[in-house]
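Text of the file final.cif, holding mmCIF, C-alpha atoms and all ligand atoms:
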```cif
data_target
loop_
_atom_site.label_atom_id
_atom_site.label_comp_id
_atom_site.auth_asym_id
_atom_site.auth_seq_id
_atom_site.Cartn_x
_atom_site.Cartn_y
_atom_site.Cartn_z
CA MET A 154 67.90 76.48 62.25
CA GLU A 155 70.38 75.58 59.61
CA GLN A 156 71.77 72.08 59.32
CA THR A 157 74.86 72.41 57.16
CA ARG A 158 78.03 72.04 59.22
CA GLY A 159 80.29 75.09 59.13
CA ARG A 160 77.36 77.48 58.59
CA PHE A 161 75.62 77.04 61.90
CA THR A 162 73.14 79.78 62.67
CA GLY A 163 71.62 78.21 65.80
CA PRO A 164 68.23 78.69 67.38
CA PRO A 165 66.44 82.04 67.80
CA LEU A 166 68.49 84.22 70.14
CA THR A 167 67.32 85.47 73.52
CA PRO A 168 69.14 87.47 76.22
CA ARG A 169 69.66 84.10 78.02
CA THR A 170 71.41 82.48 75.11
CA ALA A 171 72.69 85.04 72.56
CA VAL A 172 76.13 85.61 74.05
CA ILE A 173 76.75 81.90 74.62
CA TRP A 174 75.72 80.97 71.09
CA SER A 175 77.94 83.65 69.60
CA VAL A 176 80.96 82.18 71.45
CA LEU A 177 80.00 78.61 70.45
CA ARG A 178 79.35 79.65 66.87
CA ALA A 179 82.89 81.07 66.62
CA GLU A 180 84.30 77.72 67.80
CA LEU A 181 82.10 75.73 65.39
CA ASP A 182 83.13 78.03 62.54
CA ARG A 183 86.77 77.58 63.50
CA ARG A 184 86.33 73.79 63.23
CA GLY A 185 84.80 74.16 59.75
CA ASP A 186 83.08 71.06 58.38
CA GLU A 187 84.21 68.64 61.10
CA GLN A 188 81.58 66.61 62.87
CA LEU A 189 82.38 67.30 66.51
CA THR A 190 81.97 65.03 69.50
CA VAL A 191 80.10 67.14 72.04
CA LEU A 192 79.45 66.33 75.71
CA ASP A 193 76.83 68.31 77.65
CA VAL A 194 77.19 67.64 81.37
CA GLY A 195 73.97 68.45 83.21
CA GLY A 196 72.49 69.25 79.81
CA GLY A 197 68.94 68.83 81.09
CA THR A 198 66.26 68.81 78.42
CA GLY A 199 68.63 69.67 75.57
CA GLY A 200 68.34 73.42 75.00
CA PHE A 201 71.90 73.37 73.65
CA ALA A 202 72.30 69.69 72.79
CA VAL A 203 69.46 69.55 70.26
CA PRO A 204 70.54 72.60 68.19
CA LEU A 205 74.13 71.28 68.17
CA ALA A 206 72.89 67.89 66.95
CA HIS A 207 70.75 69.71 64.39
CA ALA A 208 73.95 71.33 63.13
CA GLY A 209 75.31 67.83 62.48
CA HIS A 210 77.38 67.14 65.61
CA ARG A 211 77.21 64.04 67.85
CA VAL A 212 76.08 65.04 71.32
CA THR A 213 76.11 63.01 74.53
CA VAL A 214 74.12 64.48 77.42
CA VAL A 215 75.04 63.21 80.88
CA ASP A 216 72.49 64.27 83.45
CA ALA A 217 71.49 63.06 86.90
CA SER A 218 67.75 63.42 86.20
CA PRO A 219 65.88 60.65 84.35
CA ASP A 220 62.94 63.04 83.78
CA ALA A 221 65.17 65.61 82.09
CA LEU A 222 66.71 62.89 79.92
CA ALA A 223 63.27 61.60 78.90
CA ALA A 224 62.28 65.12 77.84
CA LEU A 225 65.60 65.47 75.99
CA THR A 226 65.01 62.21 74.10
CA ARG A 227 61.51 63.35 73.04
CA ARG A 228 62.80 66.77 72.02
CA ALA A 229 65.63 65.25 69.96
CA ALA A 230 63.21 62.85 68.25
CA ASP A 231 60.76 65.69 67.49
CA ALA A 232 63.64 67.67 65.95
CA GLY A 233 64.64 64.68 63.82
CA VAL A 234 68.06 64.32 65.46
CA GLY A 235 67.43 61.38 67.79
CA ASP A 236 70.24 59.43 66.13
CA ARG A 237 72.82 62.08 67.03
CA VAL A 238 71.79 62.65 70.65
CA HIS A 239 72.82 60.11 73.28
CA ALA A 240 71.21 60.49 76.72
CA VAL A 241 73.14 59.03 79.65
CA GLN A 242 72.05 59.10 83.27
CA GLY A 243 75.06 59.80 85.45
CA ASP A 244 76.99 62.08 87.70
CA GLY A 245 79.11 64.91 86.38
CA ASP A 246 81.96 64.05 88.72
CA ALA A 247 82.16 60.44 87.57
CA LEU A 248 82.41 60.76 83.82
CA ALA A 249 85.35 58.37 83.53
CA GLY A 250 83.12 55.29 83.35
CA LEU A 251 80.71 56.98 80.95
CA VAL A 252 82.90 58.93 78.53
CA GLU A 253 86.29 57.91 77.17
CA PRO A 254 89.04 60.27 78.40
CA ALA A 255 90.39 62.70 75.79
CA SER A 256 87.56 61.86 73.36
CA VAL A 257 85.50 65.08 73.33
CA ASP A 258 85.93 68.17 71.12
CA LEU A 259 83.51 70.45 72.96
CA VAL A 260 82.17 70.05 76.47
CA LEU A 261 79.29 72.11 77.86
CA CYS A 262 78.56 72.51 81.55
CA HIS A 263 75.85 75.14 81.94
CA ALA A 264 74.18 76.08 85.23
CA VAL A 265 75.50 72.98 86.97
CA LEU A 266 78.55 73.92 89.05
CA GLU A 267 76.36 75.99 91.40
CA VAL A 268 74.13 73.01 92.25
CA VAL A 269 76.52 70.06 92.59
CA ASP A 270 77.97 68.92 95.94
CA ASP A 271 81.52 69.75 94.91
CA PRO A 272 82.42 71.53 91.65
CA THR A 273 86.13 70.58 91.72
CA PRO A 274 85.77 66.92 90.62
CA VAL A 275 83.16 67.91 88.04
CA VAL A 276 85.54 70.38 86.39
CA ALA A 277 88.36 67.82 86.60
CA SER A 278 86.07 65.34 84.80
CA LEU A 279 85.31 67.89 82.08
CA ALA A 280 89.02 68.52 81.52
CA THR A 281 89.78 64.78 81.40
CA ALA A 282 87.02 64.16 78.84
CA LEU A 283 88.42 66.81 76.46
CA ARG A 284 90.89 66.04 73.72
CA PRO A 285 94.00 68.25 73.79
CA GLY A 286 92.87 71.42 72.04
CA GLY A 287 89.21 70.72 72.87
CA ALA A 288 87.06 73.50 74.29
CA ALA A 289 84.85 73.93 77.36
CA SER A 290 81.77 76.16 77.62
CA VAL A 291 80.98 76.72 81.28
CA LEU A 292 78.11 78.83 82.59
CA VAL A 293 77.89 79.70 86.29
CA ALA A 294 75.68 81.85 88.50
CA GLY A 295 77.12 85.31 89.18
CA ARG A 296 77.51 86.47 92.75
CA ALA A 297 77.34 90.26 92.24
CA ALA A 298 73.96 90.13 90.46
CA ALA A 299 72.54 88.07 93.32
CA VAL A 300 73.79 90.59 95.90
CA LEU A 301 72.21 93.48 93.97
CA GLY A 302 69.02 91.53 93.36
CA ARG A 303 68.57 90.70 97.06
CA ALA A 304 69.29 94.31 98.05
CA MET A 305 66.90 95.81 95.48
CA ASN A 306 64.14 93.52 96.73
CA GLY A 307 64.72 94.75 100.28
CA HIS A 308 66.55 91.64 101.56
CA LEU A 309 69.53 93.53 102.90
CA THR A 310 70.68 90.89 105.38
CA ALA A 311 70.73 88.24 102.66
CA ALA A 312 72.59 90.67 100.38
CA ALA A 313 75.21 91.28 103.06
CA THR A 314 75.59 87.55 103.73
CA LEU A 315 76.00 86.81 100.03
CA ALA A 316 78.55 89.56 99.59
CA ALA A 317 80.61 88.36 102.56
CA ASP A 318 80.38 84.60 101.99
CA PRO A 319 83.43 83.42 99.99
CA GLY A 320 81.28 80.74 98.36
CA GLY A 321 78.54 83.17 97.37
CA SER A 322 75.68 81.49 99.22
CA THR A 323 73.17 82.81 101.76
CA GLY A 324 73.26 79.50 103.62
CA PRO A 325 71.54 76.10 103.69
CA ARG A 326 68.17 77.50 102.51
CA ASP A 327 69.67 79.12 99.42
CA THR A 328 68.47 77.56 96.15
CA LEU A 329 72.08 77.55 94.92
CA ARG A 330 75.06 76.13 96.78
CA ARG A 331 77.46 78.74 95.48
CA ARG A 332 77.94 81.64 93.07
CA TYR A 333 81.00 82.96 91.30
CA ASP A 334 82.90 86.08 90.39
CA ALA A 335 84.88 86.11 87.15
CA ASP A 336 88.11 85.49 89.09
CA THR A 337 86.83 82.61 91.22
CA ALA A 338 85.22 80.87 88.24
CA ALA A 339 88.37 81.26 86.14
CA ALA A 340 90.51 79.94 89.00
CA LEU A 341 88.33 76.83 89.24
CA LEU A 342 88.86 76.02 85.57
CA ARG A 343 92.58 76.84 85.65
CA ALA A 344 93.09 74.52 88.61
CA ALA A 345 91.87 71.68 86.34
CA GLY A 346 94.47 72.59 83.72
CA LEU A 347 92.13 74.48 81.39
CA ALA A 348 93.22 77.74 79.75
CA VAL A 349 90.47 80.35 80.03
CA GLU A 350 90.17 82.23 76.73
CA GLU A 351 87.03 84.35 77.17
CA ILE A 352 84.67 85.45 79.92
CA HIS A 353 81.30 87.03 79.15
CA GLY A 354 78.40 88.21 81.25
CA VAL A 355 75.00 86.68 80.39
CA ARG A 356 71.90 88.72 81.32
CA VAL A 357 73.69 91.88 82.38
CA LEU A 358 70.44 93.84 82.15
CA ALA A 359 67.66 91.42 81.28
CA ASP A 360 66.70 90.60 84.88
CA LEU A 361 66.91 94.22 86.04
CA LEU A 362 64.56 95.79 83.51
CA PRO A 363 60.80 96.14 83.92
CA ALA A 364 59.04 93.52 81.79
CA ALA A 365 57.45 96.27 79.69
CA VAL A 366 60.89 97.45 78.59
CA ALA A 367 62.35 93.98 78.05
CA ASP A 368 59.28 92.74 76.15
CA GLY A 369 58.73 96.03 74.34
CA GLN A 370 62.24 96.44 72.94
CA PRO A 371 63.63 92.90 72.53
CA ALA A 372 65.98 93.68 69.66
CA ALA A 373 67.49 96.71 71.41
CA LEU A 374 67.92 94.71 74.62
CA LEU A 375 69.64 91.89 72.78
CA GLU A 376 72.01 94.34 71.10
CA LEU A 377 72.82 96.03 74.41
CA GLU A 378 73.40 92.69 76.15
CA ARG A 379 75.86 91.73 73.44
CA ALA A 380 77.62 95.09 73.60
CA LEU A 381 78.08 94.92 77.39
CA ALA A 382 78.81 91.20 77.76
CA ALA A 383 82.59 91.36 77.49
CA GLN A 384 83.13 94.72 79.21
CA PRO A 385 83.91 94.96 82.91
CA PRO A 386 82.31 96.29 85.07
CA TYR A 387 79.04 95.44 83.24
CA ARG A 388 80.17 91.85 82.59
CA ASP A 389 80.79 91.26 86.27
CA LEU A 390 77.25 92.32 87.25
CA ALA A 391 75.58 89.74 85.01
CA ALA A 392 73.24 87.09 86.39
CA GLN A 393 75.50 84.44 84.87
CA LEU A 394 79.12 84.27 83.77
CA HIS A 395 80.11 82.33 80.68
CA LEU A 396 83.66 81.03 80.49
CA PHE A 397 85.17 79.58 77.35
CA ALA A 398 88.27 77.55 78.04
CA ARG A 399 90.49 75.05 76.28
CA ARG A 400 92.52 72.00 77.20
CA PRO A 401 95.98 73.02 76.05
CA ALA A 402 97.69 70.96 73.39
CA GLY A 403 101.45 70.65 73.82
CA PRO A 404 103.96 70.51 70.97
CA SER A 405 102.77 68.07 68.30
CA GLY A 406 99.28 68.26 69.78
CA ARG A 407 100.26 66.30 72.89
CA PRO A 408 98.32 67.15 76.06
CA VAL A 409 99.87 69.43 78.62
CA ARG A 410 99.70 67.74 82.01
CA PRO A 411 97.35 69.66 84.33
CA PRO A 412 99.05 71.13 87.41
CA ALA A 413 99.05 68.78 90.41
C1 LIG A 501 69.74 74.26 86.14
S1 LIG A 501 69.72 72.81 85.20
C2 LIG A 501 70.65 73.31 83.77
C3 LIG A 501 70.28 72.54 82.55
C4 LIG A 501 71.01 72.97 81.27
N1 LIG A 501 72.45 72.77 81.38
C5 LIG A 501 70.67 74.40 80.94
O1 LIG A 501 71.56 75.26 81.02
O2 LIG A 501 69.53 74.65 80.59
C6 LIG A 501 70.89 71.78 86.06
C7 LIG A 501 70.96 70.38 85.48
O3 LIG A 501 72.05 69.70 86.10
C8 LIG A 501 71.65 68.39 86.42
N2 LIG A 501 72.53 67.95 87.51
C9 LIG A 501 72.54 68.37 88.79
N3 LIG A 501 73.53 67.75 89.48
C10 LIG A 501 74.16 66.93 88.60
C11 LIG A 501 75.24 66.03 88.70
N4 LIG A 501 75.91 65.85 89.85
N5 LIG A 501 75.62 65.35 87.60
C12 LIG A 501 74.96 65.52 86.42
N6 LIG A 501 73.91 66.36 86.27
C13 LIG A 501 73.51 67.06 87.35
C14 LIG A 501 70.18 68.52 86.78
O4 LIG A 501 69.50 67.30 86.66
C15 LIG A 501 69.72 69.56 85.76
O5 LIG A 501 69.29 68.94 84.55
#
```
Please lay out the structure from this file as structure tokens.
Amino acid sequence: MEQTRGRFTGPPLTPRTAVIWSVLRAELDRRGDEQLTVLDVGGGTGGFAVPLAHAGHRVTVVDASPDALAALTRRAADAGVGDRVHAVQGDGDALAGLVEPASVDLVLCHAVLEVVDDPTPVVASLATALRPGGAASVLVAGRAAAVLGRAMNGHLTAAATLAADPGGSTGPRDTLRRRYDADTAAALLRAAGLAVEEIHGVRVLADLLPAAVADGQPAALLELERALAAQPPYRDLAAQLHLFARRPAGPSGRPVRPPA
């Protein structure tokens, strides 16, 4: 990893992370040498927080799990960035008491909206935490991939339920509370006043390939994932959808009031 701000190369890329890092890298490059205030909601053990701190940014991770935060703190210390990573135990829908409104340049919320009780207040909290012009990186579980996955494993009833359920769940025993299509995920962010700039598919192919192919041709797989990530219909079949959105800045940089 490289530490100089403005020339962030990030950690080694995998099909799980390459597309997300390429979107984040473009935003970091756009901000040049600025030290950004980053908030990672449900950031877990710091897979994104620690590389961002390593690149020189100040990162606060708010997570409900004390165990995840303890692992994050160890990981940040081992990477020599403990002073730039702040671990806070808390709930993603109650950030107001933990993070000053309009104080964050980049907020991450990866693989969280599908597990929380209600995603609407969490997204509202993300939008409130952002400065006008600040950006949000949101990763959600994709519904179409789950339908295909269930069907290909012979679970046709579960596939049918998932396809028909507006929330993208098979019911109370599902490991996730909901899944998204590109449109439903974008609508959730827009309802909080965020402007969606980009949507990519993450793991379009990686979970579908036999391990021998994925492990045998990692560079080719990575290249193909990147090539397909932004292109419907491939994008929409990905295991996860990555949305990059921004809190609009009005004239003179003033915030645009989110719709009621
Ligand atoms: C699937 S993990 C994702 C971790 C990390 N964002 C990533 O992409 O690797 C979900 C994380 O969200 C946290 N979480 C779940 N509900 C939460 C809530 N209401 N508020 C804050 N964090 C929450 C969990 O503790 C867990 O660390």
Hey, which residues come within 10 Å of ligand LIG 501 (chain A) if we count all atoms listed in the file? Could you give them as number ranges by chain?
A: 169-170, 193-202, 214-222, 225, 241-248, 261-272, 274-275, 291-294, 329
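Checking A:Val366, A:Ala382, A:Ala280, A:Ala229 one by one against A:Glu351, counting only C-alpha atoms, you find the shortest gap at A:Ala382.
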Here's a test: counting all atoms listed in the file, identify every protein, DNA and RNA residue with an atom at most 10 Å from (90.6, 74.0, 78.8) in the file's coordinate frame, and state them as a PyMOL selection string.
chain A and resi 259-260+276+279-281+283-290+342-343+345-350+397-402+411
Atoms to include: C-alpha atoms. Write the selected residues as a PDB file, keeping the file's coordinate frame.
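Full text of out-v9.pdb as output:
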```pdb
ATOM      1  CA  LEU A 259      83.510  70.450  72.960  1.00  0.00           C
ATOM      2  CA  VAL A 260      82.170  70.050  76.470  1.00  0.00           C
ATOM      3  CA  VAL A 276      85.540  70.380  86.390  1.00  0.00           C
ATOM      4  CA  LEU A 279      85.310  67.890  82.080  1.00  0.00           C
ATOM      5  CA  ALA A 280      89.020  68.520  81.520  1.00  0.00           C
ATOM      6  CA  THR A 281      89.780  64.780  81.400  1.00  0.00           C
ATOM      7  CA  LEU A 283      88.420  66.810  76.460  1.00  0.00           C
ATOM      8  CA  ARG A 284      90.890  66.040  73.720  1.00  0.00           C
ATOM      9  CA  PRO A 285      94.000  68.250  73.790  1.00  0.00           C
ATOM     10  CA  GLY A 286      92.870  71.420  72.040  1.00  0.00           C
ATOM     11  CA  GLY A 287      89.210  70.720  72.870  1.00  0.00           C
ATOM     12  CA  ALA A 288      87.060  73.500  74.290  1.00  0.00           C
ATOM     13  CA  ALA A 289      84.850  73.930  77.360  1.00  0.00           C
ATOM     14  CA  SER A 290      81.770  76.160  77.620  1.00  0.00           C
ATOM     15  CA  LEU A 342      88.860  76.020  85.570  1.00  0.00           C
ATOM     16  CA  ARG A 343      92.580  76.840  85.650  1.00  0.00           C
ATOM     17  CA  ALA A 345      91.870  71.680  86.340  1.00  0.00           C
ATOM     18  CA  GLY A 346      94.470  72.590  83.720  1.00  0.00           C
ATOM     19  CA  LEU A 347      92.130  74.480  81.390  1.00  0.00           C
ATOM     20  CA  ALA A 348      93.220  77.740  79.750  1.00  0.00           C
ATOM     21  CA  VAL A 349      90.470  80.350  80.030  1.00  0.00           C
ATOM     22  CA  GLU A 350      90.170  82.230  76.730  1.00  0.00           C
ATOM     23  CA  PHE A 397      85.170  79.580  77.350  1.00  0.00           C
ATOM     24  CA  ALA A 398      88.270  77.550  78.040  1.00  0.00           C
ATOM     25  CA  ARG A 399      90.490  75.050  76.280  1.00  0.00           C
ATOM     26  CA  ARG A 400      92.520  72.000  77.200  1.00  0.00           C
ATOM     27  CA  PRO A 401      95.980  73.020  76.050  1.00  0.00           C
ATOM     28  CA  ALA A 402      97.690  70.960  73.390  1.00  0.00           C
ATOM     29  CA  PRO A 411      97.350  69.660  84.330  1.00  0.00           C
TER      30      PRO A 411
END
```
Need to verify the contact set: stretch 297-302 of chain A, 9 Å, all atoms listed in the file, exclusion of same-chain residues closer than 2 positions in sequence. Can you return it as a list in words?
Ala294, Gly295, Ala304, Met305, Asn306, Gly307, His308, Leu309, Ala311, Ala312, Ala313, Thr314, Leu315, Ala316, Gly321, Arg332, Tyr333, Asp334, Val357, Asp360, Leu361, Asp389, Leu390, Ala391, Ala392 and Gln393 of chain A
Counting all atoms listed in the file, the residue of A:Pro168, A:Gly209, A:Pro254, A:Gly354 that sits nearest A:Ala373
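Closest to A:Ala373 of all the choices is A:Pro168.
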Quick one: distance from atom CA of A:His395 to atom CA of A:Ile352 in Å, one decimal?
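About the pair atom CA of A:His395 and atom CA of A:Ile352: they are 5.6 Å apart.
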Which of these residues is nearest to A:Ser278, using all atoms listed in the file: A:Val257, A:Ala383, A:Leu394, A:Ala367?
A:Val257
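Across the model, the gap from atom CA of A:Arg237 to atom CA of A:Gly185 is 18.5 Å.
Comparing A:Thr310, A:His353, A:Gly403, A:Asp258 by their smallest distance to A:Tyr387, the closest is A:His353 (using all atoms listed in the file).
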d(atom CA of A:Pro325, atom CA of A:Leu362) in Å:
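Pair atom CA of A:Pro325 / atom CA of A:Leu362 returns 29.0 Å.
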With all atoms listed in the file counted, which protein, DNA or RNA residues have an atom no more than 12 Å from (83.6, 66.2, 64.7) in the file frame? Please answer as a PyMOL selection string.
chain A and resi 158-159+180-181+183-192+205-206+208-212+237+256-259+284+287
Using only C-alpha atoms, which of A:Ala364, A:Asp327, A:His207, A:Val355 sits nearest A:Val172?
A:Val355
